[in-house]
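Chemist: Structure supplied as entry.cif; contents: mmCIF, C-alpha atoms.
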```
data_final
loop_
_atom_site.label_atom_id
_atom_site.label_comp_id
_atom_site.auth_asym_id
_atom_site.auth_seq_id
_atom_site.Cartn_x
_atom_site.Cartn_y
_atom_site.Cartn_z
CA MET B 1 9.85 17.07 0.84
CA LYS B 2 8.92 15.88 -2.64
CA LYS B 3 8.63 12.16 -3.31
CA PHE B 4 7.34 10.65 -6.54
CA GLY B 5 6.97 6.93 -5.94
CA SER B 6 5.64 3.71 -7.35
CA SER B 7 4.75 0.30 -6.10
CA ILE B 8 7.08 -2.45 -7.25
CA SER B 9 7.28 -6.23 -6.98
CA TYR B 10 10.29 -8.44 -6.39
CA LEU B 11 9.56 -9.95 -9.82
CA THR B 12 10.20 -6.60 -11.50
CA ILE B 13 13.37 -6.15 -9.48
CA ASP B 14 14.65 -9.59 -10.45
CA LEU B 15 13.85 -8.90 -14.11
CA ILE B 16 15.82 -5.65 -13.92
CA LYS B 17 18.83 -7.62 -12.69
CA ILE B 18 18.34 -10.17 -15.46
CA TRP B 19 18.12 -7.37 -18.04
CA LYS B 20 21.38 -5.84 -16.82
CA ASN B 21 23.09 -9.21 -17.26
CA SER B 22 21.57 -9.95 -20.65
CA ASN B 23 21.60 -8.49 -24.13
CA GLU B 24 18.88 -7.89 -26.69
CA ASN B 25 19.32 -11.39 -28.09
CA ASN B 26 19.04 -13.43 -24.90
CA PHE B 27 16.98 -11.34 -22.48
CA GLU B 28 13.64 -12.90 -23.35
CA GLU B 29 15.04 -16.42 -22.97
CA ASN B 30 16.53 -15.54 -19.58
CA ARG B 31 13.30 -13.79 -18.55
CA ASP B 32 11.17 -16.81 -19.43
CA LYS B 33 13.47 -19.24 -17.62
CA TYR B 34 13.19 -17.13 -14.48
CA LEU B 35 9.40 -16.83 -14.72
CA ALA B 36 9.08 -20.58 -15.30
CA VAL B 37 10.86 -21.18 -12.00
CA GLU B 38 8.98 -18.52 -10.03
CA ASN B 39 5.67 -19.33 -11.75
CA PRO B 40 3.75 -16.27 -10.50
CA PRO B 41 0.01 -16.12 -11.31
CA ASP B 42 0.58 -13.01 -13.45
CA ALA B 43 3.56 -14.36 -15.39
CA CYS B 44 1.86 -13.70 -18.72
CA TYR B 45 2.03 -9.95 -18.03
CA TYR B 46 5.69 -9.98 -17.08
CA ARG B 47 6.47 -11.82 -20.33
CA GLN B 48 5.32 -8.70 -22.14
CA LEU B 49 8.35 -6.86 -20.76
CA ASN B 50 10.74 -7.21 -23.68
CA TYR B 51 14.26 -5.82 -23.86
CA ILE B 52 13.27 -2.34 -25.11
CA ARG B 53 10.40 -1.97 -22.65
CA MET B 54 12.67 -2.98 -19.79
CA GLU B 55 15.19 -0.37 -20.86
CA LYS B 56 12.49 2.31 -20.74
CA LEU B 57 11.21 1.05 -17.38
CA ILE B 58 14.69 1.31 -15.89
CA GLN B 59 15.10 4.82 -17.31
CA PHE B 60 11.79 5.84 -15.74
CA ILE B 61 12.98 4.60 -12.34
CA ASP B 62 16.42 6.18 -12.70
CA ASN B 63 15.16 9.54 -13.97
CA TYR B 64 12.07 10.19 -11.89
CA LEU B 65 11.37 7.88 -8.93
CA ASP B 66 12.26 8.98 -5.42
CA SER B 67 10.60 6.13 -3.55
CA ILE B 68 9.18 2.64 -3.91
CA THR B 69 6.55 0.66 -2.05
CA PRO B 70 6.67 -3.15 -2.03
CA GLU B 71 3.37 -4.48 -3.34
CA ASN B 72 3.04 -7.68 -1.29
CA GLU B 73 6.49 -8.40 0.07
CA MET B 74 6.09 -6.74 3.50
CA LYS B 75 2.42 -7.58 4.04
CA MET B 76 1.49 -9.86 6.87
CA GLU B 77 1.04 -13.54 5.89
CA ILE B 78 1.67 -13.66 2.13
CA TYR B 79 5.25 -14.97 2.22
CA PHE B 80 5.19 -16.73 5.56
CA ASN B 81 6.96 -20.07 5.91
CA GLN B 82 3.86 -22.21 6.00
CA GLU B 83 5.42 -25.10 7.90
CA GLU B 84 6.29 -22.92 10.90
CA PRO B 85 3.88 -22.20 13.80
CA ALA B 86 3.07 -18.70 15.02
CA PHE B 87 4.18 -19.43 18.58
CA ILE B 88 6.18 -21.94 20.53
CA ASP B 89 5.06 -22.02 24.16
CA ASP B 90 3.47 -18.57 23.78
CA GLU B 91 6.69 -17.06 22.41
CA VAL B 92 6.52 -15.66 18.87
CA ASN B 93 8.27 -17.92 16.40
CA ILE B 94 9.97 -15.43 14.09
CA LYS B 95 11.01 -18.30 11.82
CA LEU B 96 7.46 -18.04 10.49
CA PHE B 97 8.30 -14.70 8.88
CA ASN B 98 9.92 -14.92 5.44
CA PHE B 99 11.57 -11.63 4.54
CA SER B 100 13.60 -12.90 1.58
CA TYR B 101 11.28 -11.21 -0.93
CA ALA B 102 11.09 -7.95 1.03
CA ASP B 103 14.89 -8.01 1.30
CA LYS B 104 15.09 -7.81 -2.50
CA VAL B 105 12.93 -4.68 -2.56
CA TYR B 106 14.90 -3.04 0.25
CA ALA B 107 18.25 -3.87 -1.35
CA PHE B 108 17.04 -2.42 -4.65
CA ALA B 109 16.00 0.77 -2.88
CA LYS B 110 19.40 1.09 -1.21
CA GLU B 111 21.29 0.38 -4.43
CA ASN B 112 19.31 3.01 -6.32
CA ASN B 113 19.12 5.69 -3.62
CA LEU B 114 15.36 5.33 -3.30
CA SER B 115 13.26 5.85 -0.19
CA ILE B 116 11.02 2.96 0.81
CA ARG B 117 7.62 2.61 2.47
CA ILE B 118 6.55 -0.36 4.59
CA HIS B 119 3.23 -1.64 3.26
CA THR B 120 1.10 -2.83 5.06
CA ILE B 121 0.75 -4.47 8.50
CA VAL B 122 -2.86 -5.01 9.58
CA TRP B 123 -5.35 -5.59 6.77
CA TYR B 124 -8.55 -7.60 6.95
CA ARG B 125 -7.58 -9.63 3.88
CA HIS B 126 -4.48 -11.06 5.53
CA VAL B 127 -4.88 -12.65 8.94
CA PRO B 128 -2.28 -15.43 9.33
CA LYS B 129 -3.83 -18.87 9.65
CA GLN B 130 -0.92 -19.94 11.85
CA LEU B 131 -1.95 -17.25 14.33
CA THR B 132 -5.66 -18.07 14.40
CA ASP B 133 -4.91 -21.81 14.61
CA TYR B 134 -2.68 -21.28 17.62
CA LEU B 135 -5.23 -19.07 19.38
CA GLU B 136 -8.17 -21.39 18.82
CA ASN B 137 -9.90 -22.27 22.11
CA ARG B 138 -7.81 -19.76 24.06
CA ARG B 139 -9.43 -17.26 26.43
CA THR B 140 -10.37 -13.86 25.02
CA GLU B 141 -7.71 -12.05 27.03
CA ASP B 142 -5.05 -14.53 25.92
CA LYS B 143 -6.03 -14.03 22.29
CA LYS B 144 -5.76 -10.28 22.67
CA ARG B 145 -2.43 -10.35 24.50
CA LEU B 146 -0.81 -12.85 22.16
CA THR B 147 -2.06 -11.13 19.00
CA PHE B 148 -0.54 -7.83 20.07
CA LYS B 149 2.64 -9.69 20.97
CA PHE B 150 2.71 -11.32 17.54
CA ILE B 151 2.22 -8.04 15.67
CA LYS B 152 4.83 -6.25 17.77
CA ALA B 153 7.36 -8.99 17.01
CA TYR B 154 6.63 -8.60 13.29
CA ILE B 155 7.03 -4.82 13.49
CA GLN B 156 10.30 -5.23 15.40
CA CYS B 157 11.63 -7.50 12.64
CA LEU B 158 10.70 -4.88 10.04
CA LYS B 159 12.47 -2.18 12.01
CA ASP B 160 15.61 -4.30 12.43
CA ARG B 161 15.75 -5.30 8.76
CA TYR B 162 14.61 -2.05 7.14
CA PRO B 163 15.81 0.77 9.38
CA ASP B 164 15.83 3.34 6.59
CA ALA B 165 12.13 3.09 5.70
CA TYR B 166 10.59 6.54 5.86
CA SER B 167 6.93 5.58 6.25
CA MET B 168 4.70 2.70 7.27
CA GLU B 169 1.08 2.02 6.35
CA LEU B 170 0.31 0.48 9.73
CA ILE B 171 -3.42 -0.11 9.38
CA ASN B 172 -5.18 -0.57 6.08
CA GLU B 173 -8.84 -0.31 5.08
CA ILE B 174 -10.34 -0.71 8.54
CA ALA B 175 -13.35 1.51 7.74
CA ALA B 176 -16.53 -0.16 6.54
CA ASP B 177 -17.29 0.92 2.99
CA PRO B 178 -20.92 2.00 2.45
CA ASP B 179 -20.66 1.65 -1.33
CA GLU B 180 -19.26 -1.86 -1.01
CA ILE B 181 -21.95 -2.86 1.48
CA ARG B 182 -24.70 -1.55 -0.80
CA TYR B 183 -23.23 -3.53 -3.69
CA LEU B 184 -23.08 -6.72 -1.62
CA ARG B 185 -26.68 -6.21 -0.54
CA GLU B 186 -27.88 -5.63 -4.10
CA GLU B 187 -26.04 -8.72 -5.32
CA GLY B 188 -27.38 -10.85 -2.47
CA LYS B 189 -23.87 -11.53 -1.22
CA HIS B 190 -22.65 -11.85 2.37
CA GLU B 191 -22.34 -8.49 4.13
CA TYR B 192 -19.61 -7.92 6.70
CA VAL B 193 -20.38 -6.30 10.04
CA PHE B 194 -18.98 -3.16 11.66
CA ASP B 195 -19.14 -1.46 15.03
CA ASP B 196 -20.97 1.69 16.11
CA GLU B 197 -18.09 3.84 14.84
CA GLY B 198 -18.01 2.21 11.42
CA VAL B 199 -14.89 0.07 11.92
CA ARG B 200 -14.92 -3.37 10.32
CA ILE B 201 -15.41 -6.21 12.78
CA ASP B 202 -12.94 -8.45 10.99
CA GLU B 203 -10.73 -11.20 12.42
CA TRP B 204 -8.19 -8.68 13.70
CA TYR B 205 -10.95 -6.77 15.49
CA LYS B 206 -12.30 -9.98 17.03
CA LEU B 207 -8.85 -10.89 18.33
CA MET B 208 -7.84 -7.48 19.68
CA GLY B 209 -11.06 -5.66 20.48
CA LYS B 210 -12.50 -2.20 19.90
CA HIS B 211 -10.01 0.61 19.29
CA TYR B 212 -7.26 -1.99 18.77
CA TYR B 213 -5.65 0.37 16.27
CA ILE B 214 -4.66 2.76 19.05
CA GLU B 215 -2.53 0.07 20.68
CA LEU B 216 -1.02 -0.79 17.29
CA PHE B 217 0.09 2.81 16.81
CA ARG B 218 1.44 2.91 20.36
CA MET B 219 3.44 -0.28 19.79
CA ALA B 220 4.76 0.83 16.42
CA ARG B 221 5.87 4.17 17.85
CA GLU B 222 7.56 2.37 20.73
CA VAL B 223 9.47 0.18 18.29
CA PHE B 224 10.37 2.77 15.66
CA GLY B 225 10.53 5.93 17.70
CA ASP B 226 10.32 9.06 15.57
CA LYS B 227 12.45 7.68 12.74
CA ILE B 228 9.43 6.74 10.64
CA LYS B 229 6.05 8.23 9.80
CA LEU B 230 3.08 6.09 10.78
CA PHE B 231 0.02 6.18 8.54
CA TYR B 232 -3.57 5.00 8.50
CA ASN B 233 -4.23 3.96 4.89
CA ASP B 234 -7.70 3.66 3.33
CA ASN B 235 -9.70 3.96 0.12
CA ASN B 236 -12.89 5.45 -1.35
CA GLU B 237 -11.91 8.72 0.28
CA GLY B 238 -14.55 10.73 -1.57
CA ASN B 239 -17.42 8.94 0.16
CA ARG B 240 -18.89 11.29 2.78
CA GLU B 241 -20.08 8.45 5.04
CA LYS B 242 -16.64 6.91 5.02
CA GLN B 243 -14.94 10.25 5.71
CA ILE B 244 -16.79 10.35 9.04
CA ILE B 245 -15.30 6.96 9.94
CA PHE B 246 -11.80 8.06 8.94
CA LYS B 247 -12.05 11.13 11.13
CA THR B 248 -13.44 9.15 14.05
CA VAL B 249 -10.53 6.71 13.93
CA ILE B 250 -7.97 9.51 13.71
CA ASP B 251 -9.70 11.53 16.45
CA ASN B 252 -9.63 8.50 18.75
CA ILE B 253 -5.89 8.13 18.21
CA LYS B 254 -5.32 11.85 18.73
CA GLN B 255 -7.36 11.81 21.93
CA TYR B 256 -5.10 9.06 23.26
CA GLU B 257 -2.11 11.16 22.24
CA LYS B 258 -3.47 14.11 24.20
CA GLU B 259 -4.21 12.04 27.30
CA HIS B 260 -0.79 10.37 27.36
CA GLY B 261 1.46 13.07 25.96
CA LEU B 262 2.49 10.97 22.97
CA LYS B 263 2.80 11.41 19.22
CA LEU B 264 1.40 8.32 17.48
CA ILE B 265 -0.12 9.02 14.09
CA ASP B 266 1.58 11.14 11.44
CA GLY B 267 -0.77 10.91 8.53
CA PHE B 268 -3.61 9.55 6.47
CA GLY B 269 -2.74 7.63 3.32
CA MET B 270 -5.20 8.39 0.54
CA GLN B 271 -5.07 5.41 -1.79
CA CYS B 272 -6.87 7.29 -4.60
CA HIS B 273 -7.93 4.27 -6.63
CA PHE B 274 -10.31 6.10 -8.93
CA TRP B 275 -13.16 4.14 -10.48
CA GLY B 276 -13.24 6.13 -13.70
CA SER B 277 -16.78 7.46 -13.43
CA GLU B 278 -18.11 10.83 -14.54
CA GLU B 279 -18.93 11.67 -10.90
CA GLU B 280 -15.18 11.80 -10.14
CA ASN B 281 -14.83 15.28 -11.55
CA ARG B 282 -12.82 18.24 -10.32
CA THR B 283 -15.52 19.29 -7.85
CA PHE B 284 -15.57 15.76 -6.39
CA MET B 285 -11.79 15.90 -5.92
CA GLU B 286 -11.89 19.37 -4.37
CA GLU B 287 -14.48 18.23 -1.83
CA MET B 288 -12.55 15.02 -1.11
CA PHE B 289 -9.33 16.88 -0.33
CA GLU B 290 -11.17 19.56 1.62
CA GLN B 291 -12.75 16.98 3.92
CA CYS B 292 -9.57 14.94 4.35
CA SER B 293 -7.55 18.06 5.11
CA ARG B 294 -9.73 18.50 8.20
CA PHE B 295 -8.38 15.31 9.78
CA GLY B 296 -5.50 17.30 11.22
CA VAL B 297 -2.75 14.99 9.94
CA GLU B 298 -0.48 14.90 6.92
CA LEU B 299 -2.02 13.62 3.71
CA GLN B 300 -0.06 11.48 1.26
CA ILE B 301 -1.17 9.70 -1.91
CA THR B 302 -0.28 6.05 -1.50
CA GLU B 303 -1.80 3.90 -4.29
CA PHE B 304 -2.94 6.11 -7.16
CA ASP B 305 -4.43 4.75 -10.37
CA VAL B 306 -7.47 5.40 -12.54
CA ASN B 307 -9.67 2.53 -13.68
CA ASN B 308 -11.76 2.84 -16.85
CA HIS B 309 -15.41 2.10 -16.13
CA SER B 310 -16.84 4.70 -18.49
CA THR B 311 -14.97 6.42 -21.34
CA LYS B 312 -11.39 7.20 -22.21
CA GLU B 313 -12.25 10.90 -22.14
CA ILE B 314 -13.48 10.70 -18.54
CA GLN B 315 -10.45 8.65 -17.52
CA GLN B 316 -8.17 11.26 -19.13
CA SER B 317 -9.96 14.10 -17.36
CA ILE B 318 -9.47 12.38 -13.99
CA PHE B 319 -5.74 12.08 -14.65
CA ASN B 320 -5.56 15.73 -15.69
CA ASN B 321 -7.65 17.11 -12.83
CA PHE B 322 -6.12 15.10 -10.03
CA VAL B 323 -2.56 16.41 -10.26
CA GLN B 324 -3.81 20.01 -10.27
CA VAL B 325 -6.10 19.55 -7.27
CA ALA B 326 -3.51 17.57 -5.30
CA GLN B 327 -1.00 20.40 -5.78
CA LYS B 328 -3.58 22.93 -4.64
CA TYR B 329 -3.92 21.05 -1.35
CA GLY B 330 -0.20 20.84 -0.78
CA ILE B 331 0.33 17.15 -1.46
CA GLU B 332 4.04 16.42 -1.69
CA VAL B 333 4.33 12.63 -1.40
CA PHE B 334 2.72 10.68 -4.24
CA THR B 335 2.82 6.97 -5.08
CA THR B 336 1.30 5.37 -8.17
CA TRP B 337 0.22 1.74 -7.86
CA GLY B 338 1.98 -0.06 -10.69
CA LEU B 339 5.05 1.02 -12.62
CA ASN B 340 3.20 0.77 -15.92
CA ASP B 341 0.10 -0.66 -17.59
CA ILE B 342 1.78 -4.03 -18.12
CA VAL B 343 2.47 -4.87 -14.47
CA SER B 344 -0.42 -2.88 -12.97
CA TRP B 345 -2.91 -4.91 -10.90
CA LEU B 346 -5.49 -3.26 -13.22
CA HIS B 347 -3.93 -4.77 -16.31
CA GLY B 348 -6.00 -3.92 -19.37
CA GLU B 349 -7.49 -0.73 -17.92
CA ASP B 350 -4.76 1.80 -18.89
CA ALA B 351 -4.80 2.76 -15.21
CA SER B 352 -1.20 3.85 -14.59
CA LEU B 353 0.99 6.79 -15.58
CA VAL B 354 3.15 4.76 -18.00
CA ASP B 355 1.72 2.88 -20.99
CA TYR B 356 2.22 -0.64 -22.35
CA ASN B 357 5.30 0.39 -24.27
CA CYS B 358 6.71 1.88 -21.05
CA ASP B 359 6.39 5.39 -22.45
CA LEU B 360 5.09 8.34 -20.41
CA LYS B 361 1.48 9.26 -21.10
CA PRO B 362 0.74 12.85 -22.18
CA PHE B 363 -0.17 13.99 -18.65
CA THR B 364 2.54 12.09 -16.77
CA MET B 365 5.17 14.80 -16.91
CA GLU B 366 2.82 17.04 -14.92
CA TYR B 367 2.92 14.48 -12.09
CA ILE B 368 6.68 14.27 -12.32
CA LYS B 369 7.01 18.07 -12.19
CA ALA B 370 4.62 18.21 -9.25
CA PHE B 371 6.08 15.46 -7.08
CA SER B 372 9.48 14.20 -8.25
CA GLY B 373 12.45 15.38 -6.23
CA LYS B 374 14.69 14.23 -9.07
CA ALA B 375 12.86 16.44 -11.54
CA LEU B 376 13.29 19.38 -9.18
CA GLY B 377 16.95 18.64 -8.59
CA ASN B 378 18.64 16.81 -5.74
CA ASN B 379 18.60 19.87 -3.49
CA GLN B 380 14.81 19.53 -3.28
CA ARG B 381 14.86 15.96 -2.00
CA SER B 382 14.77 14.84 1.60
#
```
Could you express the structure from this file as structure tokens?
Modeler:
Amino acid sequence: MKKFGSSISYLTIDLIKIWKNSNENNFEENRDKYLAVENPPDACYYRQLNYIRMEKLIQFIDNYLDSITPENEMKMEIYFNQEEPAFIDDEVNIKLFNFSYADKVYAFAKENNLSIRIHTIVWYRHVPKQLTDYLENRRTEDKKRLTFKFIKAYIQCLKDRYPDAYSMELINEIAADPDEIRYLREEGKHEYVFDDEGVRIDEWYKLMGKHYYIELFRMAREVFGDKIKLFYNDNNEGNREKQIIFKTVIDNIKQYEKEHGLKLIDGFGMQCHFWGSEEENRTFMEEMFEQCSRFGVELQITEFDVNNHSTKEIQQSIFNNFVQVAQKYGIEVFTTWGLNDIVSWLHGEDASLVDYNCDLKPFTMEYIKAFSGKALGNNQRS
């Protein structure tokens, strides 16, 4: 299975539709009218997508992409209907969930014969206020029971609406990050807490308790069956301290699998957001993949990009080294975070595989050759 993917936003998808219904003379006017109505915080970047750049962007999708990942559209909380409560008499109020934006991404995937990932369910940055408000002053056991019930209802909605998704990042960034904690300490900022196994004690943890992620995987498997791959997704994968936490989490899930005769976790999603430092050399990457390969689950690259915190030469070497090392370790599913440098969340850092003019960078074809099912021919896709 070879899949070369990218994250994508509903804004990009809407602009593609606008481009297809415009011409070179009126596209920018139509684009700006749309962005004025939507008024996204990053509208200034999307206005840089002119007619020619859009044409190249669409060609890149058509020629090389096998899969897409919605950036925010399927995440918990972001597009909730704010006026709706989480529960009504302890029954989940699914009217809270707004899937209209996710529907656009899914429809685009179906129309363009692209696979789609579900990203992402439980993340410490997104704990719905409607949920915590409803659970305030409830007993600990009630909070736990109702939170699991809430998440299961959300997962069930995703399964019903997006039955053809091939993968789900179920839990995201639950490991405490030693580098981040050291930075917070040095800057005199508030440090978050974590348990004896290195798992963040965030709001989700407080609601559901230790090892809550095992129950999440059990629920997700119950809902989806074996029709989807379930992943634990995390970052800073080269940090040795953090690797121990990753393995502990995965081992705990696998121990539950063994005890109950179940298959819960399929893989570990390596985000691979590289900082752009000279330490991130080929040896660093080799050691990172070697350690992660010992987790005993499939590895996929889920959010790749390369920031630029040193020199262009170092950034270029990271791009060049990574694709070679990833191939050596048998990586087949690869997703870059951001279709190009214009719409990348790291705008201004030249962090993606496609530049500001929507042209491929010199090393990008190596990624396409390594991971794109389209580049290999349709008989290689699955």
Chemist: To one decimal place, how far is CA of Arg47 in chain B from CA of Glu111 in chain B in Å?
Modeler: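 Result for CA of Arg47 in chain B versus CA of Glu111 in chain B: 24.9 Å, one decimal.
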Chemist: What's the 9 Å shell around Asn252 in chain B, counting all atoms listed in the file, without same-chain residues fewer than 4 positions away, as a PyMOL selection string?
Modeler: chain B and resi 211+214+247-248+256-257
Chemist: Which residues fall under the PyMOL selection byres ((chain B and resi 67) around 6) in this file, as a list in words?
Modeler: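 Applied to this file, the PyMOL selection byres ((chain B and resi 67) around 6) returns Gly5, Leu65, Asp66, Ile68, Leu114, Ser115 and Ile116 of chain B.
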Chemist: Could you please give me, as a list of chain:residue names, the residues of protein, DNA or RNA lying at most 12 Å from (11.6, -7.9, -25.6) in the coordinate frame of the file, considering only C-alpha atoms?
Modeler: B:Leu15, B:Trp19, B:Ser22, B:Asn23, B:Glu24, B:Asn25, B:Asn26, B:Phe27, B:Glu28, B:Glu29, B:Asn30, B:Arg31, B:Asp32, B:Tyr46, B:Arg47, B:Gln48, B:Leu49, B:Asn50, B:Tyr51, B:Ile52, B:Arg53, B:Met54, B:Glu55, B:Lys56, B:Asn357, B:Cys358
Chemist: Between B:Gln300, B:Asn308, B:Ser7, B:Asn137, which residue has the minimum interatomic distance to Glu73 in chain B, considering only C-alpha atoms?
Modeler: B:Ser7
Chemist: Measuring between all atoms listed in the file, which one of B:Glu237, B:Asp62, B:Asp142, B:Glu349 shows the shortest distance to Ser372 in chain B?
Modeler: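 Using all atoms listed in the file, Ser372 in chain B sits closest to B:Asp62.
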Chemist: Could you tell me which residues the PyMOL selection byres ((chain B and resi 280) around 12) returns for this structure, as JSON, numbers by chain?
Modeler: {"B": [236, 237, 238, 239, 272, 273, 274, 275, 276, 277, 278, 279, 281, 282, 283, 284, 285, 286, 287, 288, 306, 307, 308, 309, 310, 314, 315, 316, 317, 318, 319, 320, 321, 322]}
Chemist: Would you mind exporting C-alpha atoms of the selected residues as a PDB file, keeping the file's coordinate frame?
Modeler:
```
ATOM      1  CA  ASN B 236     -12.890   5.450  -1.350  1.00  0.00           C
ATOM      2  CA  GLU B 237     -11.910   8.720   0.280  1.00  0.00           C
ATOM      3  CA  GLY B 238     -14.550  10.730  -1.570  1.00  0.00           C
ATOM      4  CA  ASN B 239     -17.420   8.940   0.160  1.00  0.00           C
ATOM      5  CA  CYS B 272      -6.870   7.290  -4.600  1.00  0.00           C
ATOM      6  CA  HIS B 273      -7.930   4.270  -6.630  1.00  0.00           C
ATOM      7  CA  PHE B 274     -10.310   6.100  -8.930  1.00  0.00           C
ATOM      8  CA  TRP B 275     -13.160   4.140 -10.480  1.00  0.00           C
ATOM      9  CA  GLY B 276     -13.240   6.130 -13.700  1.00  0.00           C
ATOM     10  CA  SER B 277     -16.780   7.460 -13.430  1.00  0.00           C
ATOM     11  CA  GLU B 278     -18.110  10.830 -14.540  1.00  0.00           C
ATOM     12  CA  GLU B 279     -18.930  11.670 -10.900  1.00  0.00           C
ATOM     13  CA  ASN B 281     -14.830  15.280 -11.550  1.00  0.00           C
ATOM     14  CA  ARG B 282     -12.820  18.240 -10.320  1.00  0.00           C
ATOM     15  CA  THR B 283     -15.520  19.290  -7.850  1.00  0.00           C
ATOM     16  CA  PHE B 284     -15.570  15.760  -6.390  1.00  0.00           C
ATOM     17  CA  MET B 285     -11.790  15.900  -5.920  1.00  0.00           C
ATOM     18  CA  GLU B 286     -11.890  19.370  -4.370  1.00  0.00           C
ATOM     19  CA  GLU B 287     -14.480  18.230  -1.830  1.00  0.00           C
ATOM     20  CA  MET B 288     -12.550  15.020  -1.110  1.00  0.00           C
ATOM     21  CA  VAL B 306      -7.470   5.400 -12.540  1.00  0.00           C
ATOM     22  CA  ASN B 307      -9.670   2.530 -13.680  1.00  0.00           C
ATOM     23  CA  ASN B 308     -11.760   2.840 -16.850  1.00  0.00           C
ATOM     24  CA  HIS B 309     -15.410   2.100 -16.130  1.00  0.00           C
ATOM     25  CA  SER B 310     -16.840   4.700 -18.490  1.00  0.00           C
ATOM     26  CA  ILE B 314     -13.480  10.700 -18.540  1.00  0.00           C
ATOM     27  CA  GLN B 315     -10.450   8.650 -17.520  1.00  0.00           C
ATOM     28  CA  GLN B 316      -8.170  11.260 -19.130  1.00  0.00           C
ATOM     29  CA  SER B 317      -9.960  14.100 -17.360  1.00  0.00           C
ATOM     30  CA  ILE B 318      -9.470  12.380 -13.990  1.00  0.00           C
ATOM     31  CA  PHE B 319      -5.740  12.080 -14.650  1.00  0.00           C
ATOM     32  CA  ASN B 320      -5.560  15.730 -15.690  1.00  0.00           C
ATOM     33  CA  ASN B 321      -7.650  17.110 -12.830  1.00  0.00           C
ATOM     34  CA  PHE B 322      -6.120  15.100 -10.030  1.00  0.00           C
TER      35      PHE B 322
END
```
Chemist: Would you write out, as a PyMOL selection string, every residue that the PyMOL selection byres ((chain B and resi 240-244) around 12) captures in this file?
Modeler: chain B and resi 173-181+196-200+234-239+245-251+268+270+284+287-295
Chemist: Hey, can you spit out that residue selection with C-alpha atoms as a PDB file, in the frame of the given file?
Modeler:
```
ATOM      1  CA  GLU B 173      -8.840  -0.310   5.080  1.00  0.00           C
ATOM      2  CA  ILE B 174     -10.340  -0.710   8.540  1.00  0.00           C
ATOM      3  CA  ALA B 175     -13.350   1.510   7.740  1.00  0.00           C
ATOM      4  CA  ALA B 176     -16.530  -0.160   6.540  1.00  0.00           C
ATOM      5  CA  ASP B 177     -17.290   0.920   2.990  1.00  0.00           C
ATOM      6  CA  PRO B 178     -20.920   2.000   2.450  1.00  0.00           C
ATOM      7  CA  ASP B 179     -20.660   1.650  -1.330  1.00  0.00           C
ATOM      8  CA  GLU B 180     -19.260  -1.860  -1.010  1.00  0.00           C
ATOM      9  CA  ILE B 181     -21.950  -2.860   1.480  1.00  0.00           C
ATOM     10  CA  ASP B 196     -20.970   1.690  16.110  1.00  0.00           C
ATOM     11  CA  GLU B 197     -18.090   3.840  14.840  1.00  0.00           C
ATOM     12  CA  GLY B 198     -18.010   2.210  11.420  1.00  0.00           C
ATOM     13  CA  VAL B 199     -14.890   0.070  11.920  1.00  0.00           C
ATOM     14  CA  ARG B 200     -14.920  -3.370  10.320  1.00  0.00           C
ATOM     15  CA  ASP B 234      -7.700   3.660   3.330  1.00  0.00           C
ATOM     16  CA  ASN B 235      -9.700   3.960   0.120  1.00  0.00           C
ATOM     17  CA  ASN B 236     -12.890   5.450  -1.350  1.00  0.00           C
ATOM     18  CA  GLU B 237     -11.910   8.720   0.280  1.00  0.00           C
ATOM     19  CA  GLY B 238     -14.550  10.730  -1.570  1.00  0.00           C
ATOM     20  CA  ASN B 239     -17.420   8.940   0.160  1.00  0.00           C
ATOM     21  CA  ILE B 245     -15.300   6.960   9.940  1.00  0.00           C
ATOM     22  CA  PHE B 246     -11.800   8.060   8.940  1.00  0.00           C
ATOM     23  CA  LYS B 247     -12.050  11.130  11.130  1.00  0.00           C
ATOM     24  CA  THR B 248     -13.440   9.150  14.050  1.00  0.00           C
ATOM     25  CA  VAL B 249     -10.530   6.710  13.930  1.00  0.00           C
ATOM     26  CA  ILE B 250      -7.970   9.510  13.710  1.00  0.00           C
ATOM     27  CA  ASP B 251      -9.700  11.530  16.450  1.00  0.00           C
ATOM     28  CA  PHE B 268      -3.610   9.550   6.470  1.00  0.00           C
ATOM     29  CA  MET B 270      -5.200   8.390   0.540  1.00  0.00           C
ATOM     30  CA  PHE B 284     -15.570  15.760  -6.390  1.00  0.00           C
ATOM     31  CA  GLU B 287     -14.480  18.230  -1.830  1.00  0.00           C
ATOM     32  CA  MET B 288     -12.550  15.020  -1.110  1.00  0.00           C
ATOM     33  CA  PHE B 289      -9.330  16.880  -0.330  1.00  0.00           C
ATOM     34  CA  GLU B 290     -11.170  19.560   1.620  1.00  0.00           C
ATOM     35  CA  GLN B 291     -12.750  16.980   3.920  1.00  0.00           C
ATOM     36  CA  CYS B 292      -9.570  14.940   4.350  1.00  0.00           C
ATOM     37  CA  SER B 293      -7.550  18.060   5.110  1.00  0.00           C
ATOM     38  CA  ARG B 294      -9.730  18.500   8.200  1.00  0.00           C
ATOM     39  CA  PHE B 295      -8.380  15.310   9.780  1.00  0.00           C
TER      40      PHE B 295
END
```
Chemist: At a cut-off of 12 Å from (5.2, -16.1, -1.5) in the coordinates of the file, what residues are picked up using all atoms listed in the file, written as a ChimeraX atom specification?
Modeler: /B:9-11,38-41,71-82,97-102
Chemist: Between CA of Val297 in chain B and CA of Ala326 in chain B, measure the distance and give it in Å to one decimal.
Modeler: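 CA of Ala326 in chain B lies 15.5 Å from CA of Val297 in chain B.
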Chemist: In Å, rounded to a single decimal, give me how far CA of Asp226 in chain B is from CA of Lys2 in chain B.
Modeler: 19.5 Å
Chemist: Using all atoms listed in the file, which residues sit within 12 Å of Lys227 in chain B once same-chain residues fewer than 6 positions away are excluded, as a ChimeraX atom specification?
Modeler: /B:159,162-168,220-221,266
